[in-house]
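Text of work_24.txt (compact mmCIF, C-alpha atoms) as supplied:
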# COMPACT_ATOMS: atom_id res chain seq x y z
CA ASP R 1 43.74 47.38 -19.09
CA PRO R 2 39.99 47.34 -19.61
CA ASN R 3 37.89 47.63 -16.49
CA ALA R 4 36.71 44.37 -14.94
CA PRO R 5 33.09 43.61 -15.78
CA ALA R 6 30.41 43.75 -13.12
CA ALA R 7 29.34 40.60 -11.35
CA PRO R 8 26.86 38.50 -13.33
CA SER R 9 23.28 39.68 -12.76
CA ASN R 10 20.04 37.90 -11.93
CA LEU R 11 21.62 34.72 -10.59
CA ALA R 12 18.73 32.30 -10.02
CA ALA R 13 18.21 28.65 -9.10
CA SER R 14 15.09 26.67 -9.93
CA PRO R 15 13.76 25.04 -7.88
CA ASN R 16 15.06 26.58 -4.67
CA PRO R 17 14.56 25.11 -2.11
CA ALA R 18 14.99 21.73 -3.77
CA CYS R 19 15.11 18.08 -2.83
CA ALA R 20 18.20 15.91 -2.74
CA ASN R 21 18.82 14.05 -6.00
CA THR R 22 16.62 16.53 -7.88
CA PRO R 23 18.17 18.52 -10.79
CA ILE R 24 18.40 22.28 -10.21
CA SER R 25 18.80 24.77 -13.05
CA LEU R 26 21.13 27.78 -12.55
CA SER R 27 21.28 30.87 -14.72
CA VAL R 28 22.47 34.46 -14.96
CA THR R 29 21.69 37.11 -17.56
CA ASN R 30 23.86 36.37 -20.57
CA ASN R 31 26.58 38.89 -21.44
CA PRO R 32 27.59 38.40 -25.10
CA GLY R 33 31.28 37.58 -25.40
CA ALA R 34 31.62 36.56 -21.74
CA THR R 35 32.71 33.18 -20.42
CA TYR R 36 31.55 32.05 -17.02
CA THR R 37 33.17 30.23 -14.12
CA TRP R 38 30.92 28.40 -11.70
CA SER R 39 31.86 27.03 -8.27
CA ALA R 40 30.08 25.56 -5.25
CA SER R 41 30.82 25.52 -1.54
CA SER R 42 30.85 21.68 -1.50
CA PRO R 43 31.25 18.90 -4.05
CA ASN R 44 28.01 17.46 -2.64
CA ALA R 45 26.22 20.25 -4.52
CA GLY R 46 26.79 18.21 -7.68
CA LEU R 47 27.58 21.30 -9.73
CA GLY R 48 27.98 20.68 -13.44
CA ASN R 49 30.77 21.95 -15.71
CA SER R 50 29.78 24.97 -17.77
CA ILE R 51 31.37 28.12 -19.21
CA THR R 52 28.03 29.54 -20.33
CA ASN R 53 25.50 31.61 -18.44
CA THR R 54 23.54 28.47 -17.52
CA ASN R 55 24.48 25.47 -15.43
CA SER R 56 22.86 22.74 -13.37
CA MET R 57 23.45 20.95 -10.12
CA LEU R 58 22.36 17.57 -8.81
CA PRO R 59 22.88 17.61 -5.04
CA THR R 60 23.24 14.21 -3.46
CA VAL R 61 23.22 15.35 0.17
CA ALA R 62 20.80 17.68 1.93
CA GLY R 63 22.26 20.97 3.09
CA PHE R 64 22.83 24.61 2.20
CA TYR R 65 25.13 25.35 -0.71
CA ASN R 66 26.62 28.63 -1.89
CA ILE R 67 26.85 28.84 -5.68
CA ASN R 68 29.30 31.40 -7.12
CA VAL R 69 29.67 32.56 -10.70
CA THR R 70 32.03 35.06 -12.33
CA GLN R 71 32.15 36.32 -15.90
CA THR R 72 35.30 37.00 -17.89
CA VAL R 73 35.30 39.54 -20.73
CA ALA R 74 38.46 40.41 -22.71
CA GLY R 75 40.55 38.55 -20.14
CA CYS R 76 39.13 40.53 -17.22
CA THR R 77 37.21 38.64 -14.53
CA SER R 78 34.32 40.10 -12.58
CA PRO R 79 33.53 39.79 -8.90
CA ALA R 80 31.40 36.78 -8.09
CA ALA R 81 27.65 36.67 -7.85
CA THR R 82 26.57 34.34 -5.05
CA LEU R 83 23.33 32.50 -4.34
CA GLY R 84 22.40 30.17 -1.51
CA VAL R 85 20.58 26.99 -2.51
CA SER R 86 18.75 25.02 0.18
CA VAL R 87 18.48 21.27 -0.39
CA ASN R 88 16.08 19.20 1.70
CA SER R 89 16.43 15.50 2.34
CA SER R 90 14.17 12.97 0.64
CA PRO R 91 12.68 10.01 2.51
CA PRO R 92 14.33 6.66 1.86
CA THR R 93 12.76 4.53 -0.83
CA PRO R 94 11.04 1.40 0.53
CA THR R 95 12.71 -1.88 -0.39
CA ALA R 96 11.88 -5.54 0.01
CA GLY R 97 14.09 -5.50 3.10
CA THR R 98 12.30 -2.59 4.78
CA VAL R 99 8.70 -3.57 3.98
CA SER R 100 6.76 -6.12 6.02
CA SER R 101 3.09 -7.04 6.22
CA THR R 102 0.45 -8.60 8.46
CA ASN R 103 -2.49 -10.44 6.89
CA PRO R 104 -6.10 -9.87 7.97
CA THR R 105 -7.13 -12.29 10.70
CA THR R 106 -10.58 -12.92 9.20
CA CYS R 107 -11.93 -13.33 5.70
CA SER R 108 -13.07 -9.92 4.44
CA GLY R 109 -11.41 -8.48 7.54
CA THR R 110 -9.96 -4.96 7.56
CA ASN R 111 -7.16 -5.40 10.10
CA GLY R 112 -4.32 -6.16 7.68
CA SER R 113 -1.31 -3.83 7.68
CA ILE R 114 1.88 -2.95 5.79
CA THR R 115 4.88 -1.56 7.69
CA LEU R 116 7.60 0.60 6.12
CA SER R 117 10.68 0.94 8.31
CA GLY R 118 13.71 3.22 8.44
CA TYR R 119 12.10 6.67 8.73
CA LEU R 120 12.47 9.56 11.13
CA ILE R 121 10.66 8.91 14.40
CA SER R 122 7.31 10.61 15.11
CA THR R 123 7.29 12.38 11.76
CA SER R 124 4.38 13.03 9.40
CA TYR R 125 4.56 11.60 5.88
CA THR R 126 2.27 11.34 2.89
CA VAL R 127 2.12 7.73 1.75
CA GLU R 128 0.91 6.88 -1.74
CA TYR R 129 0.25 3.40 -3.08
CA VAL R 130 -1.94 1.61 -5.61
CA PHE R 131 -4.70 -0.84 -4.66
CA ASN R 132 -7.18 -2.30 -7.15
CA SER R 133 -5.80 0.05 -9.86
CA ASN R 134 -6.65 3.07 -7.70
CA THR R 135 -4.05 5.42 -6.22
CA VAL R 136 -4.47 5.91 -2.48
CA SER R 137 -2.88 8.85 -0.64
CA THR R 138 -2.90 9.09 3.15
CA GLN R 139 -1.17 11.06 5.91
CA ILE R 140 0.60 8.84 8.44
CA SER R 141 2.97 9.70 11.29
CA SER R 142 5.82 7.29 11.94
CA ASN R 143 5.97 5.72 15.37
CA GLY R 144 8.73 5.90 17.96
CA ALA R 145 10.70 3.23 16.10
CA GLY R 146 10.57 5.12 12.79
CA ASN R 147 8.02 2.75 11.29
CA ILE R 148 5.21 3.91 9.00
CA ILE R 149 2.26 1.56 9.51
CA ILE R 150 -0.48 1.50 6.88
CA GLY R 151 -3.39 -0.07 8.73
CA GLY R 152 -7.01 -1.02 8.11
CA LEU R 153 -6.20 -3.05 5.00
CA VAL R 154 -8.15 -5.85 3.36
CA ALA R 155 -6.66 -8.77 1.45
CA GLY R 156 -5.28 -7.86 -1.97
CA SER R 157 -2.24 -6.65 -3.86
CA TYR R 158 -0.63 -3.31 -2.96
CA SER R 159 2.02 -1.67 -5.16
CA ASN R 160 3.88 1.50 -6.21
CA PHE R 161 4.68 2.89 -2.76
CA LYS R 162 5.99 6.47 -2.58
CA ILE R 163 6.77 8.45 0.57
CA THR R 164 6.72 12.27 0.72
CA ASN R 165 7.88 14.37 3.67
CA VAL R 166 6.62 17.76 4.88
CA SER R 167 9.21 19.51 2.70
CA GLY R 168 7.53 18.04 -0.37
CA CYS R 169 10.46 15.73 -1.10
CA SER R 170 9.59 12.22 -2.23
CA SER R 171 11.25 8.86 -2.30
CA ALA R 172 11.54 6.87 -5.47
CA VAL R 173 8.68 4.45 -6.14
CA TYR R 174 8.90 0.94 -4.71
CA PRO R 175 6.88 -1.20 -7.13
CA GLY R 176 6.25 -4.13 -4.75
CA PRO R 177 3.80 -5.73 -4.87
CA VAL R 178 2.92 -6.52 -1.26
CA VAL R 179 0.18 -9.16 -1.17
CA LEU R 180 -2.13 -9.60 1.82
CA THR R 181 -4.16 -12.80 2.03
CA ASN R 182 -7.21 -13.93 3.95
CA PRO R 183 -7.01 -16.94 6.25
CA SER R 184 -7.55 -20.28 4.54
CA ALA R 185 -11.16 -21.42 4.28
CA PRO R 186 -12.00 -24.34 6.57
CA ALA R 187 -12.71 -27.79 5.16
CA ALA R 188 -16.26 -28.89 4.51
CA PRO R 189 -18.09 -30.17 7.61
CA THR R 190 -17.45 -33.85 8.27
CA ASN R 191 -19.61 -36.84 9.14
CA LEU R 192 -22.90 -35.40 7.89
CA VAL R 193 -25.66 -37.85 8.79
CA ALA R 194 -29.45 -37.79 8.97
CA ASN R 195 -31.31 -39.92 11.50
CA PRO R 196 -33.57 -41.49 10.53
CA ASN R 197 -32.96 -41.68 6.80
CA PRO R 198 -35.28 -42.61 5.14
CA VAL R 199 -37.96 -40.94 7.25
CA CYS R 200 -41.70 -41.25 7.00
CA LEU R 201 -43.86 -38.24 6.27
CA GLY R 202 -45.22 -36.89 9.52
CA PHE R 203 -41.97 -37.55 11.38
CA SER R 204 -38.82 -35.50 11.74
CA SER R 205 -35.18 -36.28 11.00
CA THR R 206 -32.16 -34.87 12.82
CA LEU R 207 -29.05 -33.95 10.83
CA THR R 208 -25.64 -33.56 12.44
CA VAL R 209 -22.00 -32.92 11.54
CA THR R 210 -18.92 -33.13 13.71
CA ASN R 211 -18.80 -29.87 15.69
CA THR R 212 -15.81 -27.57 15.14
CA ALA R 213 -15.12 -25.23 18.04
CA GLY R 214 -15.77 -21.62 17.09
CA ALA R 215 -17.62 -22.47 13.88
CA SER R 216 -21.10 -21.34 12.88
CA TYR R 217 -23.11 -23.42 10.46
CA SER R 218 -25.44 -22.62 7.57
CA TRP R 219 -27.99 -25.25 6.56
CA THR R 220 -29.97 -25.23 3.29
CA ALA R 221 -32.43 -27.57 1.60
CA SER R 222 -33.18 -28.17 -2.06
CA ASN R 223 -36.89 -27.49 -1.45
CA ALA R 224 -38.91 -25.69 1.20
CA ASN R 225 -41.04 -28.85 1.56
CA ALA R 226 -38.07 -30.41 3.35
CA GLY R 227 -39.21 -28.44 6.40
CA LEU R 228 -35.66 -27.57 7.41
CA ASN R 229 -35.55 -25.56 10.63
CA PRO R 230 -33.18 -22.58 11.09
CA SER R 231 -29.94 -23.40 12.86
CA THR R 232 -26.37 -22.09 13.16
CA SER R 233 -25.17 -25.06 15.20
CA SER R 234 -23.77 -28.42 14.11
CA SER R 235 -27.22 -30.04 14.26
CA VAL R 236 -30.62 -29.27 12.79
CA THR R 237 -34.01 -30.92 12.43
CA MET R 238 -36.28 -31.20 9.44
CA ALA R 239 -40.02 -31.91 9.44
CA PRO R 240 -40.89 -32.56 5.78
CA THR R 241 -44.32 -31.61 4.53
CA SER R 242 -44.37 -33.86 1.47
CA ALA R 243 -42.75 -37.08 0.36
CA GLY R 244 -39.70 -37.00 -1.88
CA SER R 245 -35.93 -36.82 -1.90
CA TYR R 246 -34.27 -33.68 -0.51
CA SER R 247 -30.67 -32.53 -0.71
CA ILE R 248 -29.52 -30.98 2.55
CA SER R 249 -26.30 -28.92 2.47
CA VAL R 250 -24.26 -27.41 5.30
CA THR R 251 -21.22 -25.12 5.42
CA GLN R 252 -19.16 -23.97 8.37
CA THR R 253 -17.76 -20.46 8.86
CA ILE R 254 -14.68 -19.78 10.99
CA ALA R 255 -13.09 -16.32 11.36
CA GLY R 256 -15.32 -15.06 8.58
CA CYS R 257 -14.16 -17.77 6.16
CA THR R 258 -16.76 -20.18 4.79
CA SER R 259 -16.06 -23.78 3.84
CA PRO R 260 -17.30 -25.75 0.86
CA ALA R 261 -20.60 -27.52 1.49
CA SER R 262 -21.25 -31.07 2.63
CA THR R 263 -24.44 -32.55 1.17
CA ILE R 264 -26.67 -35.50 1.98
CA SER R 265 -29.87 -36.80 0.40
CA VAL R 266 -32.75 -37.43 2.77
CA VAL R 267 -35.57 -39.65 1.49
CA VAL R 268 -39.07 -38.98 2.80
CA ASN R 269 -41.50 -41.85 2.29
CA PRO R 270 -45.26 -41.35 2.18
CA ALA R 271 -47.12 -41.80 5.43
CA ALA R 272 -48.51 -45.25 6.09
CA PRO R 273 -52.17 -45.62 5.08
As a first step, turn the structure in this file into structure tokens.
Amino acid sequence: DPNAPAAPSNLAASPNPACANTPISLSVTNNPGATYTWSASSPNAGLGNSITNTNSMLPTVAGFYNINVTQTVAGCTSPAATLGVSVNSSPPTPTAGTVSSTNPTTCSGTNGSITLSGYLISTSYTVEYVFNSNTVSTQISSNGAGNIIIGGLVAGSYSNFKITNVSGCSSAVYPGPVVLTNPSAPAAPTNLVANPNPVCLGFSSTLTVTNTAGASYSWTASNANAGLNPSTSSSVTMAPTSAGSYSISVTQTIAGCTSPASTISVVVNPAAP
């Protein structure tokens, strides 16, 4: 009988190491007239069926796999060439069930957060997401519960989350979106009154609204001649410098959120002759 051929040469896998669920290309130097038999140490290697000098594998489970290949020429089979392929795990893909969020506590606040759960504890990850059409990439270590917390966020829409581990293996993309919202703006100040109204030139008028605990107030006048004094409280005085009708507006701000304005007209009559 003819002599058995030598083992296939230059057995290679690309990439190697690889990530789970990532295709891997396998090849040996082609020997014209040969047919090839491929085998793997575990079905989890996801080895394809091929009788040529190339093959592929799609491993579904992380681990170390031995890939063997023989060549048969004129009915004679060679010894096997063997290659170890290392497959690293990929982080789980975020889902609606594993993503939660906390809204900012103030308008324009930066203390919102998004939490991704189900990861290895105390492990460093690269987290990518899209905010305002810009891709953001940041290094975050999971906490002792396996949660990745993306902090320091403002209100807005966050999408396309992808998690990459230190082995360079990435999850699939979770499109989201996750929407963070500011607190609701307060209502306009109530019971805005001016006393007296009308007022005579040379006298002052006091304006008040019902005080809301924790609110600061912003008062404005339609004209500087209204003589409106600065104030951040629920009351203010005005000492007009000329007769006329003035619109006085006031808003209230709570937790950084500003209300619509309440407005009153104050009539200033000329001084008595």
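Shortest separation to R:Thr110 among R:Asn143, R:Thr35, R:Asn182, R:Thr210 occurs at residue R:Asn182, atoms counted being only C-alpha atoms.
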Exercise for the section: Counting all atoms listed in the file, select every polymer residue within 10 Å of (21.0, 31.5, -13.3) as defined in the file's coordinates, and provide the selection as a PyMOL selection string. Expected result: chain R and resi 8-14+25-30+53-56+67+69+83
Output file for the selection above: C-alpha atoms, as a PDB file, in the coordinates of the input:
ATOM      1  CA  PRO R   8      26.860  38.500 -13.330  1.00  0.00           C
ATOM      2  CA  SER R   9      23.280  39.680 -12.760  1.00  0.00           C
ATOM      3  CA  ASN R  10      20.040  37.900 -11.930  1.00  0.00           C
ATOM      4  CA  LEU R  11      21.620  34.720 -10.590  1.00  0.00           C
ATOM      5  CA  ALA R  12      18.730  32.300 -10.020  1.00  0.00           C
ATOM      6  CA  ALA R  13      18.210  28.650  -9.100  1.00  0.00           C
ATOM      7  CA  SER R  14      15.090  26.670  -9.930  1.00  0.00           C
ATOM      8  CA  SER R  25      18.800  24.770 -13.050  1.00  0.00           C
ATOM      9  CA  LEU R  26      21.130  27.780 -12.550  1.00  0.00           C
ATOM     10  CA  SER R  27      21.280  30.870 -14.720  1.00  0.00           C
ATOM     11  CA  VAL R  28      22.470  34.460 -14.960  1.00  0.00           C
ATOM     12  CA  THR R  29      21.690  37.110 -17.560  1.00  0.00           C
ATOM     13  CA  ASN R  30      23.860  36.370 -20.570  1.00  0.00           C
ATOM     14  CA  ASN R  53      25.500  31.610 -18.440  1.00  0.00           C
ATOM     15  CA  THR R  54      23.540  28.470 -17.520  1.00  0.00           C
ATOM     16  CA  ASN R  55      24.480  25.470 -15.430  1.00  0.00           C
ATOM     17  CA  SER R  56      22.860  22.740 -13.370  1.00  0.00           C
ATOM     18  CA  ILE R  67      26.850  28.840  -5.680  1.00  0.00           C
ATOM     19  CA  VAL R  69      29.670  32.560 -10.700  1.00  0.00           C
ATOM     20  CA  LEU R  83      23.330  32.500  -4.340  1.00  0.00           C
TER      21      LEU R  83
END
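Here atom CA of R:Ser218 stands at a distance of 12.4 Å from atom CA of R:Cys257.
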Handout entry: Non-local contacts of R:Gly202 (10 Å; only C-alpha atoms; under 6 positions in same chain excluded) as a list in words
Key = Ala239, Pro240, Thr241, Ser242, Ala243, Val268, Asn269, Pro270, Ala271 and Ala272 of chain R
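For the set R:Glu128, R:Ser50, R:Pro104, R:Pro189, the residue with the smallest atom-to-atom gap to R:Gly256 is R:Pro104, counting all atoms listed in the file.
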Write out as JSON lines the residues of stretch 13-128 of chain R that have any atom within 8 Å of an atom of stretch 155-175 of chain R, one row each with the nearest atom pair and its distance in Å to one decimal, counting all atoms listed in the file, sorted by chain and then rising number.
{"residue": "R:Ala18", "atom": "CA", "partner": "R:Cys169", "partner_atom": "CA", "distance": 8.0}
{"residue": "R:Cys19", "atom": "CA", "partner": "R:Cys169", "partner_atom": "CA", "distance": 5.5}
{"residue": "R:Ala20", "atom": "CA", "partner": "R:Cys169", "partner_atom": "CA", "distance": 7.9}
{"residue": "R:Asn88", "atom": "CA", "partner": "R:Ser167", "partner_atom": "CA", "distance": 6.9}
{"residue": "R:Ser89", "atom": "CA", "partner": "R:Cys169", "partner_atom": "CA", "distance": 6.9}
{"residue": "R:Ser90", "atom": "CA", "partner": "R:Cys169", "partner_atom": "CA", "distance": 4.9}
{"residue": "R:Pro91", "atom": "CA", "partner": "R:Ser171", "partner_atom": "CA", "distance": 5.1}
{"residue": "R:Pro92", "atom": "CA", "partner": "R:Ser171", "partner_atom": "CA", "distance": 5.6}
{"residue": "R:Thr93", "atom": "CA", "partner": "R:Ser171", "partner_atom": "CA", "distance": 4.8}
{"residue": "R:Pro94", "atom": "CA", "partner": "R:Tyr174", "partner_atom": "CA", "distance": 5.7}
{"residue": "R:Thr95", "atom": "CA", "partner": "R:Tyr174", "partner_atom": "CA", "distance": 6.4}
{"residue": "R:Asn103", "atom": "CA", "partner": "R:Ala155", "partner_atom": "CA", "distance": 7.1}
{"residue": "R:Pro104", "atom": "CA", "partner": "R:Ala155", "partner_atom": "CA", "distance": 6.6}
{"residue": "R:Ser108", "atom": "CA", "partner": "R:Ala155", "partner_atom": "CA", "distance": 7.2}
{"residue": "R:Gly109", "atom": "CA", "partner": "R:Ala155", "partner_atom": "CA", "distance": 7.7}
{"residue": "R:Thr110", "atom": "CA", "partner": "R:Ala155", "partner_atom": "CA", "distance": 7.9}
{"residue": "R:Gly112", "atom": "CA", "partner": "R:Ala155", "partner_atom": "CA", "distance": 7.1}
{"residue": "R:Ser124", "atom": "CA", "partner": "R:Asn165", "partner_atom": "CA", "distance": 6.8}
{"residue": "R:Tyr125", "atom": "CA", "partner": "R:Asn165", "partner_atom": "CA", "distance": 4.9}
{"residue": "R:Thr126", "atom": "CA", "partner": "R:Thr164", "partner_atom": "CA", "distance": 5.0}
{"residue": "R:Val127", "atom": "CA", "partner": "R:Ile163", "partner_atom": "CA", "distance": 4.9}
{"residue": "R:Glu128", "atom": "CA", "partner": "R:Lys162", "partner_atom": "CA", "distance": 5.2}
Selected residues, C-alpha atoms, written as a short mmCIF file (atom, residue, chain, number, x, y, z; two decimals), in the coordinates of the input, please.
data_model
loop_
_atom_site.label_atom_id
_atom_site.label_comp_id
_atom_site.auth_asym_id
_atom_site.auth_seq_id
_atom_site.Cartn_x
_atom_site.Cartn_y
_atom_site.Cartn_z
CA ALA R 18 14.99 21.73 -3.77
CA CYS R 19 15.11 18.08 -2.83
CA ALA R 20 18.20 15.91 -2.74
CA ASN R 88 16.08 19.20 1.70
CA SER R 89 16.43 15.50 2.34
CA SER R 90 14.17 12.97 0.64
CA PRO R 91 12.68 10.01 2.51
CA PRO R 92 14.33 6.66 1.86
CA THR R 93 12.76 4.53 -0.83
CA PRO R 94 11.04 1.40 0.53
CA THR R 95 12.71 -1.88 -0.39
CA ASN R 103 -2.49 -10.44 6.89
CA PRO R 104 -6.10 -9.87 7.97
CA SER R 108 -13.07 -9.92 4.44
CA GLY R 109 -11.41 -8.48 7.54
CA THR R 110 -9.96 -4.96 7.56
CA GLY R 112 -4.32 -6.16 7.68
CA SER R 124 4.38 13.03 9.40
CA TYR R 125 4.56 11.60 5.88
CA THR R 126 2.27 11.34 2.89
CA VAL R 127 2.12 7.73 1.75
CA GLU R 128 0.91 6.88 -1.74
#
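Nearest to R:Ala261 of all the residues R:Asn134, R:Thr77, R:Thr190, R:Thr206 is R:Thr190, based on only C-alpha atoms.
Going from atom CA of R:Asn223 over to atom CA of R:Tyr246, you cover 6.8 Å.
Minimum atom-to-atom distances from R:Asn197, R:Asn147, R:Thr37, R:Ser86 to R:Thr115 were compared using only C-alpha atoms, and the lowest value belongs to R:Asn147.
Atom CA of R:Ala185 is found 8.1 Å from atom CA of R:Thr253.
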